[in-house]
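Next comes upload.pdb, with PDB, C-alpha atoms, pLDDT in the B column.
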ATOM      1  CA  MET A 137       0.000   0.000   0.000  1.00 59.00           C
ATOM      2  CA  ASP A 138       1.349   3.407  -1.010  1.00 62.00           C
ATOM      3  CA  LYS A 139       0.819   5.735   1.944  1.00 72.00           C
ATOM      4  CA  ARG A 140       0.962   8.787  -0.321  1.00 76.00           C
ATOM      5  CA  PHE A 141      -2.704   8.145  -1.004  1.00 84.00           C
ATOM      6  CA  MET A 142      -3.667   7.933   2.669  1.00 93.00           C
ATOM      7  CA  ARG A 143      -3.959  11.703   3.082  1.00 95.00           C
ATOM      8  CA  GLY A 144      -6.459  14.177   1.665  1.00 97.00           C
ATOM      9  CA  LEU A 145      -9.894  13.768   0.134  1.00 98.00           C
ATOM     10  CA  TYR A 146     -11.330  10.252   0.182  1.00 98.00           C
ATOM     11  CA  LEU A 147     -14.020  10.311  -2.510  1.00 98.00           C
ATOM     12  CA  VAL A 148     -16.995   7.948  -2.071  1.00 98.00           C
ATOM     13  CA  THR A 149     -19.371   7.439  -4.995  1.00 98.00           C
ATOM     14  CA  PRO A 150     -23.129   8.035  -4.775  1.00 97.00           C
ATOM     15  CA  ASP A 151     -25.846   5.553  -5.750  1.00 97.00           C
ATOM     16  CA  TRP A 152     -26.002   6.710  -9.358  1.00 98.00           C
ATOM     17  CA  ASP A 153     -27.087   4.308 -12.075  1.00 98.00           C
ATOM     18  CA  ASP A 154     -25.915   6.753 -14.765  1.00 98.00           C
ATOM     19  CA  THR A 155     -22.389   5.472 -15.352  1.00 98.00           C
ATOM     20  CA  GLU A 156     -21.442   8.254 -17.765  1.00 98.00           C
ATOM     21  CA  ARG A 157     -22.398  10.919 -15.227  1.00 98.00           C
ATOM     22  CA  LEU A 158     -20.625   9.056 -12.438  1.00 98.00           C
ATOM     23  CA  LEU A 159     -17.414   8.846 -14.448  1.00 98.00           C
ATOM     24  CA  ALA A 160     -17.563  12.485 -15.519  1.00 98.00           C
ATOM     25  CA  VAL A 161     -17.797  13.868 -11.981  1.00 98.00           C
ATOM     26  CA  THR A 162     -15.234  11.379 -10.653  1.00 98.00           C
ATOM     27  CA  ASP A 163     -12.831  12.354 -13.436  1.00 98.00           C
ATOM     28  CA  THR A 164     -13.254  16.017 -12.493  1.00 98.00           C
ATOM     29  CA  ALA A 165     -12.680  15.253  -8.811  1.00 98.00           C
ATOM     30  CA  LEU A 166      -9.545  13.232  -9.489  1.00 98.00           C
ATOM     31  CA  GLY A 167      -8.218  15.951 -11.710  1.00 98.00           C
ATOM     32  CA  ALA A 168      -8.779  18.463  -8.915  1.00 98.00           C
ATOM     33  CA  GLY A 169      -6.787  16.411  -6.417  1.00 97.00           C
ATOM     34  CA  ALA A 170      -8.896  13.670  -4.784  1.00 98.00           C
ATOM     35  CA  SER A 171      -6.526  11.089  -3.291  1.00 97.00           C
ATOM     36  CA  LEU A 172      -8.566   7.898  -3.370  1.00 97.00           C
ATOM     37  CA  VAL A 173     -11.946   6.659  -4.640  1.00 98.00           C
ATOM     38  CA  GLN A 174     -14.266   4.172  -2.987  1.00 98.00           C
ATOM     39  CA  TYR A 175     -16.900   2.645  -5.248  1.00 98.00           C
ATOM     40  CA  ARG A 176     -20.068   2.335  -3.194  1.00 97.00           C
ATOM     41  CA  HIS A 177     -23.474   1.690  -4.759  1.00 96.00           C
ATOM     42  CA  LYS A 178     -25.712  -0.157  -2.337  1.00 92.00           C
ATOM     43  CA  SER A 179     -28.624  -0.738  -4.729  1.00 94.00           C
ATOM     44  CA  ALA A 180     -26.760  -1.630  -7.934  1.00 97.00           C
ATOM     45  CA  SER A 181     -27.430  -4.904  -9.694  1.00 97.00           C
ATOM     46  CA  PRO A 182     -24.432  -7.243  -9.975  1.00 97.00           C
ATOM     47  CA  ALA A 183     -24.081  -6.393 -13.675  1.00 98.00           C
ATOM     48  CA  LEU A 184     -24.188  -2.642 -13.096  1.00 98.00           C
ATOM     49  CA  ARG A 185     -21.815  -2.913 -10.147  1.00 98.00           C
ATOM     50  CA  THR A 186     -19.264  -4.775 -12.267  1.00 98.00           C
ATOM     51  CA  GLU A 187     -19.647  -2.337 -15.166  1.00 98.00           C
ATOM     52  CA  GLN A 188     -19.225   0.748 -12.999  1.00 98.00           C
ATOM     53  CA  ALA A 189     -16.383  -0.647 -10.897  1.00 98.00           C
ATOM     54  CA  ALA A 190     -14.431  -1.674 -14.002  1.00 98.00           C
ATOM     55  CA  ALA A 191     -14.911   1.753 -15.580  1.00 98.00           C
ATOM     56  CA  LEU A 192     -13.923   3.539 -12.373  1.00 98.00           C
ATOM     57  CA  LEU A 193     -10.840   1.366 -12.014  1.00 98.00           C
ATOM     58  CA  ALA A 194      -9.690   2.317 -15.513  1.00 98.00           C
ATOM     59  CA  LEU A 195     -10.343   5.981 -14.704  1.00 98.00           C
ATOM     60  CA  CYS A 196      -8.425   5.799 -11.423  1.00 98.00           C
ATOM     61  CA  ARG A 197      -5.533   4.066 -13.186  1.00 98.00           C
ATOM     62  CA  SER A 198      -5.388   6.923 -15.707  1.00 98.00           C
ATOM     63  CA  HIS A 199      -5.044   9.386 -12.812  1.00 98.00           C
ATOM     64  CA  GLY A 200      -2.635   7.203 -10.825  1.00 97.00           C
ATOM     65  CA  ARG A 201      -5.064   6.899  -7.904  1.00 97.00           C
ATOM     66  CA  PRO A 202      -6.317   3.839  -6.009  1.00 97.00           C
ATOM     67  CA  LEU A 203      -9.851   2.438  -6.249  1.00 98.00           C
ATOM     68  CA  VAL A 204     -11.291   0.493  -3.338  1.00 98.00           C
ATOM     69  CA  ILE A 205     -14.561  -1.405  -3.496  1.00 98.00           C
ATOM     70  CA  ASN A 206     -17.137  -1.155  -0.723  1.00 96.00           C
ATOM     71  CA  ASP A 207     -17.964  -4.592   0.725  1.00 92.00           C
ATOM     72  CA  HIS A 208     -17.457  -6.754  -2.383  1.00 95.00           C
ATOM     73  CA  VAL A 209     -14.137  -8.533  -1.940  1.00 96.00           C
ATOM     74  CA  ASP A 210     -14.987 -10.915  -4.777  1.00 96.00           C
ATOM     75  CA  LEU A 211     -15.383  -8.008  -7.181  1.00 97.00           C
ATOM     76  CA  CYS A 212     -12.110  -6.488  -6.012  1.00 97.00           C
ATOM     77  CA  ARG A 213     -10.328  -9.741  -6.759  1.00 97.00           C
ATOM     78  CA  GLU A 214     -12.064 -10.196 -10.108  1.00 97.00           C
ATOM     79  CA  LEU A 215     -11.098  -6.731 -11.356  1.00 98.00           C
ATOM     80  CA  GLY A 216      -7.746  -6.399  -9.641  1.00 97.00           C
ATOM     81  CA  ALA A 217      -8.847  -3.263  -7.796  1.00 98.00           C
ATOM     82  CA  ASP A 218      -6.626  -1.761  -5.120  1.00 97.00           C
ATOM     83  CA  GLY A 219      -8.580  -2.890  -2.088  1.00 97.00           C
ATOM     84  CA  VAL A 220     -11.835  -2.988  -0.167  1.00 97.00           C
ATOM     85  CA  HIS A 221     -13.664  -1.168   2.591  1.00 97.00           C
ATOM     86  CA  VAL A 222     -15.653  -3.302   5.024  1.00 95.00           C
ATOM     87  CA  GLY A 223     -18.267  -2.339   7.595  1.00 88.00           C
ATOM     88  CA  GLY A 224     -19.466  -3.876  10.820  1.00 71.00           C
ATOM     89  CA  THR A 225     -21.809  -6.366   9.112  1.00 69.00           C
ATOM     90  CA  ASP A 226     -19.527  -7.243   6.175  1.00 70.00           C
ATOM     91  CA  LEU A 227     -16.635  -9.661   5.859  1.00 83.00           C
ATOM     92  CA  SER A 228     -14.137  -9.132   8.665  1.00 92.00           C
ATOM     93  CA  VAL A 229     -10.883  -7.258   8.195  1.00 95.00           C
ATOM     94  CA  ALA A 230      -9.005 -10.477   8.848  1.00 95.00           C
ATOM     95  CA  GLY A 231     -11.102 -12.308   6.258  1.00 95.00           C
ATOM     96  CA  ALA A 232     -10.576  -9.590   3.657  1.00 96.00           C
ATOM     97  CA  ARG A 233      -6.833  -9.487   4.351  1.00 96.00           C
ATOM     98  CA  ALA A 234      -6.592 -13.265   4.022  1.00 96.00           C
ATOM     99  CA  LEU A 235      -8.325 -13.176   0.632  1.00 95.00           C
ATOM    100  CA  LEU A 236      -6.511 -10.129  -0.758  1.00 96.00           C
ATOM    101  CA  GLY A 237      -3.004 -10.611   0.603  1.00 95.00           C
ATOM    102  CA  PRO A 238      -0.658  -8.158   2.289  1.00 95.00           C
ATOM    103  CA  ASP A 239      -0.388  -5.506  -0.432  1.00 94.00           C
ATOM    104  CA  LYS A 240      -4.013  -4.473  -0.962  1.00 96.00           C
ATOM    105  CA  ILE A 241      -5.804  -1.690   0.906  1.00 97.00           C
ATOM    106  CA  VAL A 242      -8.269  -2.913   3.541  1.00 97.00           C
ATOM    107  CA  GLY A 243     -10.263  -0.207   5.297  1.00 97.00           C
ATOM    108  CA  ALA A 244     -12.704  -0.655   8.144  1.00 96.00           C
ATOM    109  CA  SER A 245     -15.696   1.290   9.424  1.00 94.00           C
ATOM    110  CA  CYS A 246     -15.304   1.668  13.182  1.00 93.00           C
ATOM    111  CA  TYR A 247     -18.108   4.173  13.833  1.00 90.00           C
ATOM    112  CA  GLY A 248     -17.239   5.741  17.177  1.00 87.00           C
ATOM    113  CA  GLU A 249     -15.621   2.761  18.851  1.00 90.00           C
ATOM    114  CA  LEU A 250     -11.941   2.635  19.707  1.00 92.00           C
ATOM    115  CA  THR A 251     -12.173  -1.072  20.483  1.00 92.00           C
ATOM    116  CA  LEU A 252     -13.372  -1.798  16.946  1.00 92.00           C
ATOM    117  CA  ALA A 253     -10.575   0.342  15.532  1.00 94.00           C
ATOM    118  CA  GLU A 254      -7.935  -1.411  17.600  1.00 95.00           C
ATOM    119  CA  SER A 255      -9.278  -4.819  16.563  1.00 94.00           C
ATOM    120  CA  ALA A 256      -9.209  -3.716  12.914  1.00 95.00           C
ATOM    121  CA  ARG A 257      -5.603  -2.548  13.281  1.00 95.00           C
ATOM    122  CA  GLN A 258      -4.539  -5.831  14.800  1.00 95.00           C
ATOM    123  CA  ALA A 259      -6.316  -7.745  12.021  1.00 95.00           C
ATOM    124  CA  GLY A 260      -4.357  -5.915   9.335  1.00 95.00           C
ATOM    125  CA  ALA A 261      -6.432  -2.860   8.382  1.00 96.00           C
ATOM    126  CA  SER A 262      -4.715  -0.226   6.227  1.00 96.00           C
ATOM    127  CA  TYR A 263      -6.841   2.517   7.766  1.00 97.00           C
ATOM    128  CA  VAL A 264      -9.837   2.940  10.047  1.00 97.00           C
ATOM    129  CA  ALA A 265     -12.864   5.172   9.485  1.00 96.00           C
ATOM    130  CA  PHE A 266     -14.693   6.961  12.303  1.00 95.00           C
ATOM    131  CA  GLY A 267     -18.100   8.593  11.941  1.00 91.00           C
ATOM    132  CA  GLY A 268     -20.621   9.919  11.473  1.00 86.00           C
ATOM    133  CA  PHE A 269     -19.520  13.147  12.979  1.00 90.00           C
ATOM    134  CA  TYR A 270     -22.320  15.216  11.407  1.00 85.00           C
ATOM    135  CA  PRO A 271     -25.790  14.483   9.979  1.00 79.00           C
ATOM    136  CA  SER A 272     -25.447  12.890   6.546  1.00 74.00           C
ATOM    137  CA  PRO A 273     -27.874  13.173   3.615  1.00 73.00           C
ATOM    138  CA  VAL A 274     -26.753   9.713   2.463  1.00 69.00           C
ATOM    139  CA  LYS A 275     -26.426   7.559   5.569  1.00 68.00           C
ATOM    140  CA  LYS A 276     -28.504   7.895   8.715  1.00 67.00           C
ATOM    141  CA  TYR A 277     -26.486   7.388  11.884  1.00 67.00           C
ATOM    142  CA  SER A 278     -28.045   6.471  15.213  1.00 63.00           C
ATOM    143  CA  PHE A 279     -25.114   8.063  17.071  1.00 66.00           C
ATOM    144  CA  VAL A 280     -22.764  11.015  16.863  1.00 78.00           C
ATOM    145  CA  THR A 281     -19.013  10.411  16.981  1.00 87.00           C
ATOM    146  CA  PRO A 282     -17.227  12.869  19.314  1.00 89.00           C
ATOM    147  CA  PRO A 283     -14.498  14.926  17.609  1.00 92.00           C
ATOM    148  CA  GLU A 284     -12.107  14.178  20.493  1.00 93.00           C
ATOM    149  CA  LEU A 285     -11.889  10.607  19.242  1.00 94.00           C
ATOM    150  CA  VAL A 286      -9.676  11.784  16.364  1.00 95.00           C
ATOM    151  CA  GLU A 287      -7.027  13.081  18.762  1.00 94.00           C
ATOM    152  CA  VAL A 288      -7.252  10.012  20.959  1.00 94.00           C
ATOM    153  CA  TRP A 289      -6.550   7.753  17.975  1.00 95.00           C
ATOM    154  CA  ARG A 290      -3.858  10.015  16.528  1.00 93.00           C
ATOM    155  CA  ASP A 291      -2.003  10.105  19.843  1.00 93.00           C
ATOM    156  CA  ARG A 292      -2.295   6.366  20.325  1.00 90.00           C
ATOM    157  CA  VAL A 293      -1.729   4.868  16.858  1.00 91.00           C
ATOM    158  CA  SER A 294      -0.043   5.881  13.593  1.00 90.00           C
ATOM    159  CA  LEU A 295      -2.570   4.026  11.411  1.00 95.00           C
ATOM    160  CA  PRO A 296      -4.376   6.452   9.048  1.00 96.00           C
ATOM    161  CA  LEU A 297      -7.792   7.699  10.152  1.00 97.00           C
ATOM    162  CA  VAL A 298     -10.658   8.652   7.822  1.00 98.00           C
ATOM    163  CA  VAL A 299     -13.524  10.834   9.097  1.00 97.00           C
ATOM    164  CA  ILE A 300     -16.988  10.378   7.587  1.00 95.00           C
ATOM    165  CA  GLY A 301     -20.525  11.620   7.932  1.00 92.00           C
ATOM    166  CA  GLY A 302     -21.901  14.886   6.541  1.00 92.00           C
ATOM    167  CA  MET A 303     -18.487  16.237   5.618  1.00 96.00           C
ATOM    168  CA  THR A 304     -18.106  19.681   4.064  1.00 96.00           C
ATOM    169  CA  PRO A 305     -14.855  21.631   3.814  1.00 96.00           C
ATOM    170  CA  GLN A 306     -16.081  23.847   6.638  1.00 96.00           C
ATOM    171  CA  ASN A 307     -17.036  21.212   9.180  1.00 95.00           C
ATOM    172  CA  ALA A 308     -14.158  18.902   8.231  1.00 97.00           C
ATOM    173  CA  ALA A 309     -11.586  21.588   9.032  1.00 97.00           C
ATOM    174  CA  PRO A 310     -11.531  21.091  12.829  1.00 96.00           C
ATOM    175  CA  LEU A 311     -11.245  17.313  12.400  1.00 97.00           C
ATOM    176  CA  VAL A 312      -8.256  17.707  10.080  1.00 97.00           C
ATOM    177  CA  LYS A 313      -6.682  20.024  12.647  1.00 96.00           C
ATOM    178  CA  ARG A 314      -7.238  17.339  15.270  1.00 95.00           C
ATOM    179  CA  GLY A 315      -5.289  14.882  13.120  1.00 95.00           C
ATOM    180  CA  ALA A 316      -7.612  13.191  10.604  1.00 97.00           C
ATOM    181  CA  SER A 317      -5.608  11.681   7.751  1.00 97.00           C
ATOM    182  CA  MET A 318      -8.444  11.769   5.228  1.00 98.00           C
ATOM    183  CA  VAL A 319     -11.944  13.220   4.858  1.00 98.00           C
ATOM    184  CA  ALA A 320     -14.571  11.075   3.124  1.00 98.00           C
ATOM    185  CA  ALA A 321     -17.165  12.925   1.061  1.00 97.00           C
ATOM    186  CA  ILE A 322     -20.027  12.019  -1.251  1.00 97.00           C
ATOM    187  CA  THR A 323     -22.682  14.723  -1.536  1.00 95.00           C
ATOM    188  CA  SER A 324     -20.319  17.652  -0.944  1.00 97.00           C
ATOM    189  CA  VAL A 325     -18.551  16.741  -4.187  1.00 98.00           C
ATOM    190  CA  TYR A 326     -21.046  14.865  -6.369  1.00 98.00           C
ATOM    191  CA  ALA A 327     -23.931  17.278  -5.683  1.00 97.00           C
ATOM    192  CA  ALA A 328     -21.761  20.420  -5.708  1.00 97.00           C
ATOM    193  CA  PRO A 329     -22.412  23.106  -8.344  1.00 97.00           C
ATOM    194  CA  ASP A 330     -18.655  23.019  -9.016  1.00 98.00           C
ATOM    195  CA  PRO A 331     -17.193  19.639  -7.988  1.00 98.00           C
ATOM    196  CA  ALA A 332     -13.625  20.682  -8.813  1.00 98.00           C
ATOM    197  CA  ALA A 333     -13.856  23.728  -6.545  1.00 98.00           C
ATOM    198  CA  ALA A 334     -15.281  21.566  -3.747  1.00 98.00           C
ATOM    199  CA  VAL A 335     -12.390  19.125  -4.067  1.00 98.00           C
ATOM    200  CA  ARG A 336      -9.841  21.923  -3.999  1.00 98.00           C
ATOM    201  CA  GLU A 337     -11.412  23.259  -0.793  1.00 97.00           C
ATOM    202  CA  PHE A 338     -11.065  19.862   0.850  1.00 98.00           C
ATOM    203  CA  CYS A 339      -7.481  19.484  -0.344  1.00 97.00           C
ATOM    204  CA  ALA A 340      -6.564  22.918   1.005  1.00 97.00           C
ATOM    205  CA  LEU A 341      -7.410  21.736   4.523  1.00 97.00           C
ATOM    206  CA  PHE A 342      -4.451  19.369   4.408  1.00 95.00           C
ATOM    207  CA  ARG A 343      -2.016  21.927   3.077  1.00 89.00           C
ATOM    208  CA  HIS A 344      -2.858  24.164   6.024  1.00 76.00           C
ATOM    209  CA  ALA A 345      -2.928  21.419   8.663  1.00 68.00           C
TER     210      ALA A 345
END
How does the structure come out when it is put into structure tokens?
Amino acid sequence: MDKRFMRGLYLVTPDWDDTERLLAVTDTALGAGASLVQYRHKSASPALRTEQAAALLALCRSHGRPLVINDHVDLCRELGADGVHVGGTDLSVAGARALLGPDKIVGASCYGELTLAESARQAGASYVAFGGFYPSPVKKYSFVTPPELVEVWRDRVSLPLVVIGGMTPQNAAPLVKRGASMVAAITSVYAAPDPAAAVREFCALFRHA
């Protein structure tokens, strides 16, 4: 895993069936400086998921950026993508690592729980994700992750930390200052009037951190 890509904007795709539109905005975001893309489409059919993931992988390759697949380790292996992101009800970090080997990216959703994050680290996670920190238009959280958790993790462990949940450049700024390695965003980029400008705002947070 190249740790150059473990800092900055972590772009997560929306549930768009329009592949051409999805690729166009993702291309713009990568060109503006997004560090990594996660393909996430919870309602896609298997055929659409394969089509979109393959197209996104080719796009990410053209920009020299990694693509990770949400949940679907089998699809990651089939396409030769750069890794996977698993949640609390998906395949375990250890299971994903065993299937993908030592060189792929394996990320883990840890919500607001340090014990989950520590278990993920011990099982071979490449990074952990905490959140949601703010209300999200995409995913409804039954809890709010305290911002102090970022500092606790940063002071305890060197493993990269992604913050998620309702992220905008404005409300992500204090979390980056606290030590977040990456900020995950969906709506703030894909629904932005100017996606490239939104990406540049996110990237600027890390230059100033």
Quiz item: So how far away is atom CA of Ser245 of chain A from atom CA of Ile322 of chain A, in Å?
Solution: 15.7 Å
Self-check item: Gap from atom CA of Gly231 of chain A to atom CA of Lys178 of chain A - Å, one decimal
Solution: 20.9 Å
Quiz item: Hey, what comes out of the PyMOL selection byres ((chain A and resi 336) around 10) on this file? Could you write it as a PyMOL selection string?
Solution: chain A and resi 145+165+167-170+305+331-335+337-341
Self-check item: Which of A:Arg143, A:His344, A:Arg185, A:Arg197 sits closest to Cys212 of chain A [using all atoms listed in the file]
Solution: A:Arg185
Translate the PyMOL selection byres ((chain A and resi 243) around 8), as applied to the file shown, into an explicit residue set as a short mmCIF file (atom, residue, chain, number, x, y, z; two decimals) with C-alpha atoms, keeping the file's coordinate frame.
data_model
loop_
_atom_site.label_atom_id
_atom_site.label_comp_id
_atom_site.auth_asym_id
_atom_site.auth_seq_id
_atom_site.Cartn_x
_atom_site.Cartn_y
_atom_site.Cartn_z
CA VAL A 220 -11.84 -2.99 -0.17
CA HIS A 221 -13.66 -1.17 2.59
CA VAL A 222 -15.65 -3.30 5.02
CA VAL A 229 -10.88 -7.26 8.20
CA ILE A 241 -5.80 -1.69 0.91
CA VAL A 242 -8.27 -2.91 3.54
CA ALA A 244 -12.70 -0.66 8.14
CA SER A 245 -15.70 1.29 9.42
CA ALA A 261 -6.43 -2.86 8.38
CA SER A 262 -4.72 -0.23 6.23
CA TYR A 263 -6.84 2.52 7.77
CA VAL A 264 -9.84 2.94 10.05
CA ALA A 265 -12.86 5.17 9.48
#
Practice problem: Identify, on the basis of only C-alpha atoms, every residue whose closest approach to segment 147-159 of chain A does not exceed 7 Å; exclude the query and any residue fewer than 5 positions from it along the same chain; express the result as a list in words. | Solution: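 The filter keeps Ala170, Leu172, Val173, Gln174, Tyr175, Arg176, His177, Lys178, Ser179, Gln188, Leu192, Ala320, Ala321 and Ile322 of chain A.
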Quiz item: Could you write out as a list in words the residues that the PyMOL selection byres ((chain A and resi 139) around 12) matches in the shown file?
Solution: Met137, Asp138, Arg140, Phe141, Met142, Arg143, Gly144, Ser171, Leu172, Arg201, Pro202, Asp239, Lys240, Ile241, Ser262, Tyr263, Ser294, Leu295, Pro296, Ser317 and Met318 of chain A
File of the preceding selection, C-alpha atoms, as an mmCIF file, in the frame of the given file:
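Printed below is selection.cif as written:
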data_model
loop_
_atom_site.group_PDB
_atom_site.id
_atom_site.type_symbol
_atom_site.label_atom_id
_atom_site.label_comp_id
_atom_site.auth_asym_id
_atom_site.auth_seq_id
_atom_site.Cartn_x
_atom_site.Cartn_y
_atom_site.Cartn_z
ATOM 1 C CA MET A 137 0.000 0.000 0.000
ATOM 2 C CA ASP A 138 1.349 3.407 -1.010
ATOM 3 C CA ARG A 140 0.962 8.787 -0.321
ATOM 4 C CA PHE A 141 -2.704 8.145 -1.004
ATOM 5 C CA MET A 142 -3.667 7.933 2.669
ATOM 6 C CA ARG A 143 -3.959 11.703 3.082
ATOM 7 C CA GLY A 144 -6.459 14.177 1.665
ATOM 8 C CA SER A 171 -6.526 11.089 -3.291
ATOM 9 C CA LEU A 172 -8.566 7.898 -3.370
ATOM 10 C CA ARG A 201 -5.064 6.899 -7.904
ATOM 11 C CA PRO A 202 -6.317 3.839 -6.009
ATOM 12 C CA ASP A 239 -0.388 -5.506 -0.432
ATOM 13 C CA LYS A 240 -4.013 -4.473 -0.962
ATOM 14 C CA ILE A 241 -5.804 -1.690 0.906
ATOM 15 C CA SER A 262 -4.715 -0.226 6.227
ATOM 16 C CA TYR A 263 -6.841 2.517 7.766
ATOM 17 C CA SER A 294 -0.043 5.881 13.593
ATOM 18 C CA LEU A 295 -2.570 4.026 11.411
ATOM 19 C CA PRO A 296 -4.376 6.452 9.048
ATOM 20 C CA SER A 317 -5.608 11.681 7.751
ATOM 21 C CA MET A 318 -8.444 11.769 5.228
#
Exercise. Report the distance between atom CA of Leu166 of chain A and atom CA of Leu195 of chain A in Å, rounded to one decimal place.
Key: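 For atom CA of Leu166 of chain A relative to atom CA of Leu195 of chain A, the distance reads 9.0 Å.
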Once you add 4 Å to each side, what are the centre and edge lengths of the axis-aligned box holding all listed atoms of segment 278-290 of chain A? One decimal in Å, as JSON, if you can.
{"center_x": -16.0, "center_y": 10.7, "center_z": 18.1, "size_x": 32.2, "size_y": 16.5, "size_z": 13.7}
When you get a chance, write out N, CA, C and O atoms for segment 192-208 of chain A, as a PDB file, keeping the file's coordinate frame.
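Output below, filename part.pdb:
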ATOM      1  N   LEU A 192     -14.585   2.685 -13.364  1.00 98.00           N
ATOM      2  CA  LEU A 192     -13.923   3.539 -12.373  1.00 98.00           C
ATOM      3  C   LEU A 192     -12.472   3.121 -12.156  1.00 98.00           C
ATOM      4  O   LEU A 192     -11.600   3.971 -11.968  1.00 98.00           O
ATOM      5  N   LEU A 193     -12.216   1.831 -12.190  1.00 98.00           N
ATOM      6  CA  LEU A 193     -10.840   1.366 -12.014  1.00 98.00           C
ATOM      7  C   LEU A 193      -9.959   1.882 -13.153  1.00 98.00           C
ATOM      8  O   LEU A 193      -8.839   2.363 -12.916  1.00 98.00           O
ATOM      9  N   ALA A 194     -10.461   1.804 -14.376  1.00 98.00           N
ATOM     10  CA  ALA A 194      -9.690   2.317 -15.513  1.00 98.00           C
ATOM     11  C   ALA A 194      -9.458   3.819 -15.372  1.00 98.00           C
ATOM     12  O   ALA A 194      -8.360   4.324 -15.656  1.00 98.00           O
ATOM     13  N   LEU A 195     -10.477   4.534 -14.896  1.00 98.00           N
ATOM     14  CA  LEU A 195     -10.343   5.981 -14.704  1.00 98.00           C
ATOM     15  C   LEU A 195      -9.315   6.287 -13.620  1.00 98.00           C
ATOM     16  O   LEU A 195      -8.447   7.166 -13.794  1.00 98.00           O
ATOM     17  N   CYS A 196      -9.390   5.583 -12.502  1.00 98.00           N
ATOM     18  CA  CYS A 196      -8.425   5.799 -11.423  1.00 98.00           C
ATOM     19  C   CYS A 196      -7.010   5.472 -11.877  1.00 98.00           C
ATOM     20  O   CYS A 196      -6.059   6.188 -11.522  1.00 98.00           O
ATOM     21  N   ARG A 197      -6.851   4.414 -12.662  1.00 98.00           N
ATOM     22  CA  ARG A 197      -5.533   4.066 -13.186  1.00 98.00           C
ATOM     23  C   ARG A 197      -4.984   5.217 -14.037  1.00 98.00           C
ATOM     24  O   ARG A 197      -3.785   5.523 -13.979  1.00 98.00           O
ATOM     25  N   SER A 198      -5.852   5.846 -14.833  1.00 98.00           N
ATOM     26  CA  SER A 198      -5.388   6.923 -15.707  1.00 98.00           C
ATOM     27  C   SER A 198      -4.923   8.140 -14.906  1.00 98.00           C
ATOM     28  O   SER A 198      -4.098   8.922 -15.385  1.00 98.00           O
ATOM     29  N   HIS A 199      -5.446   8.286 -13.681  1.00 98.00           N
ATOM     30  CA  HIS A 199      -5.044   9.386 -12.812  1.00 98.00           C
ATOM     31  C   HIS A 199      -3.971   8.967 -11.802  1.00 98.00           C
ATOM     32  O   HIS A 199      -3.510   9.808 -11.023  1.00 98.00           O
ATOM     33  N   GLY A 200      -3.618   7.682 -11.788  1.00 97.00           N
ATOM     34  CA  GLY A 200      -2.635   7.203 -10.825  1.00 97.00           C
ATOM     35  C   GLY A 200      -3.148   7.213  -9.398  1.00 97.00           C
ATOM     36  O   GLY A 200      -2.392   7.467  -8.459  1.00 97.00           O
ATOM     37  N   ARG A 201      -4.450   6.905  -9.230  1.00 97.00           N
ATOM     38  CA  ARG A 201      -5.064   6.899  -7.904  1.00 97.00           C
ATOM     39  C   ARG A 201      -5.664   5.525  -7.616  1.00 97.00           C
ATOM     40  O   ARG A 201      -6.091   4.822  -8.534  1.00 97.00           O
ATOM     41  N   PRO A 202      -5.748   5.140  -6.341  1.00 97.00           N
ATOM     42  CA  PRO A 202      -6.317   3.839  -6.009  1.00 97.00           C
ATOM     43  C   PRO A 202      -7.850   3.848  -6.053  1.00 97.00           C
ATOM     44  O   PRO A 202      -8.493   4.867  -5.782  1.00 97.00           O
ATOM     45  N   LEU A 203      -8.411   2.688  -6.371  1.00 98.00           N
ATOM     46  CA  LEU A 203      -9.851   2.438  -6.249  1.00 98.00           C
ATOM     47  C   LEU A 203     -10.064   1.307  -5.265  1.00 98.00           C
ATOM     48  O   LEU A 203      -9.500   0.223  -5.425  1.00 98.00           O
ATOM     49  N   VAL A 204     -10.879   1.565  -4.247  1.00 98.00           N
ATOM     50  CA  VAL A 204     -11.291   0.493  -3.338  1.00 98.00           C
ATOM     51  C   VAL A 204     -12.778   0.245  -3.535  1.00 98.00           C
ATOM     52  O   VAL A 204     -13.533   1.145  -3.918  1.00 98.00           O
ATOM     53  N   ILE A 205     -13.181  -0.981  -3.302  1.00 98.00           N
ATOM     54  CA  ILE A 205     -14.561  -1.405  -3.496  1.00 98.00           C
ATOM     55  C   ILE A 205     -15.218  -1.565  -2.131  1.00 98.00           C
ATOM     56  O   ILE A 205     -14.657  -2.205  -1.245  1.00 98.00           O
ATOM     57  N   ASN A 206     -16.395  -0.994  -1.966  1.00 96.00           N
ATOM     58  CA  ASN A 206     -17.137  -1.155  -0.723  1.00 96.00           C
ATOM     59  C   ASN A 206     -17.720  -2.562  -0.649  1.00 96.00           C
ATOM     60  O   ASN A 206     -18.472  -2.979  -1.554  1.00 96.00           O
ATOM     61  N   ASP A 207     -17.371  -3.286   0.380  1.00 92.00           N
ATOM     62  CA  ASP A 207     -17.964  -4.592   0.725  1.00 92.00           C
ATOM     63  C   ASP A 207     -17.528  -5.768  -0.145  1.00 92.00           C
ATOM     64  O   ASP A 207     -17.246  -6.845   0.380  1.00 92.00           O
ATOM     65  N   HIS A 208     -17.497  -5.610  -1.469  1.00 95.00           N
ATOM     66  CA  HIS A 208     -17.457  -6.754  -2.383  1.00 95.00           C
ATOM     67  C   HIS A 208     -16.020  -7.199  -2.663  1.00 95.00           C
ATOM     68  O   HIS A 208     -15.416  -6.829  -3.673  1.00 95.00           O
TER      69      HIS A 208
END
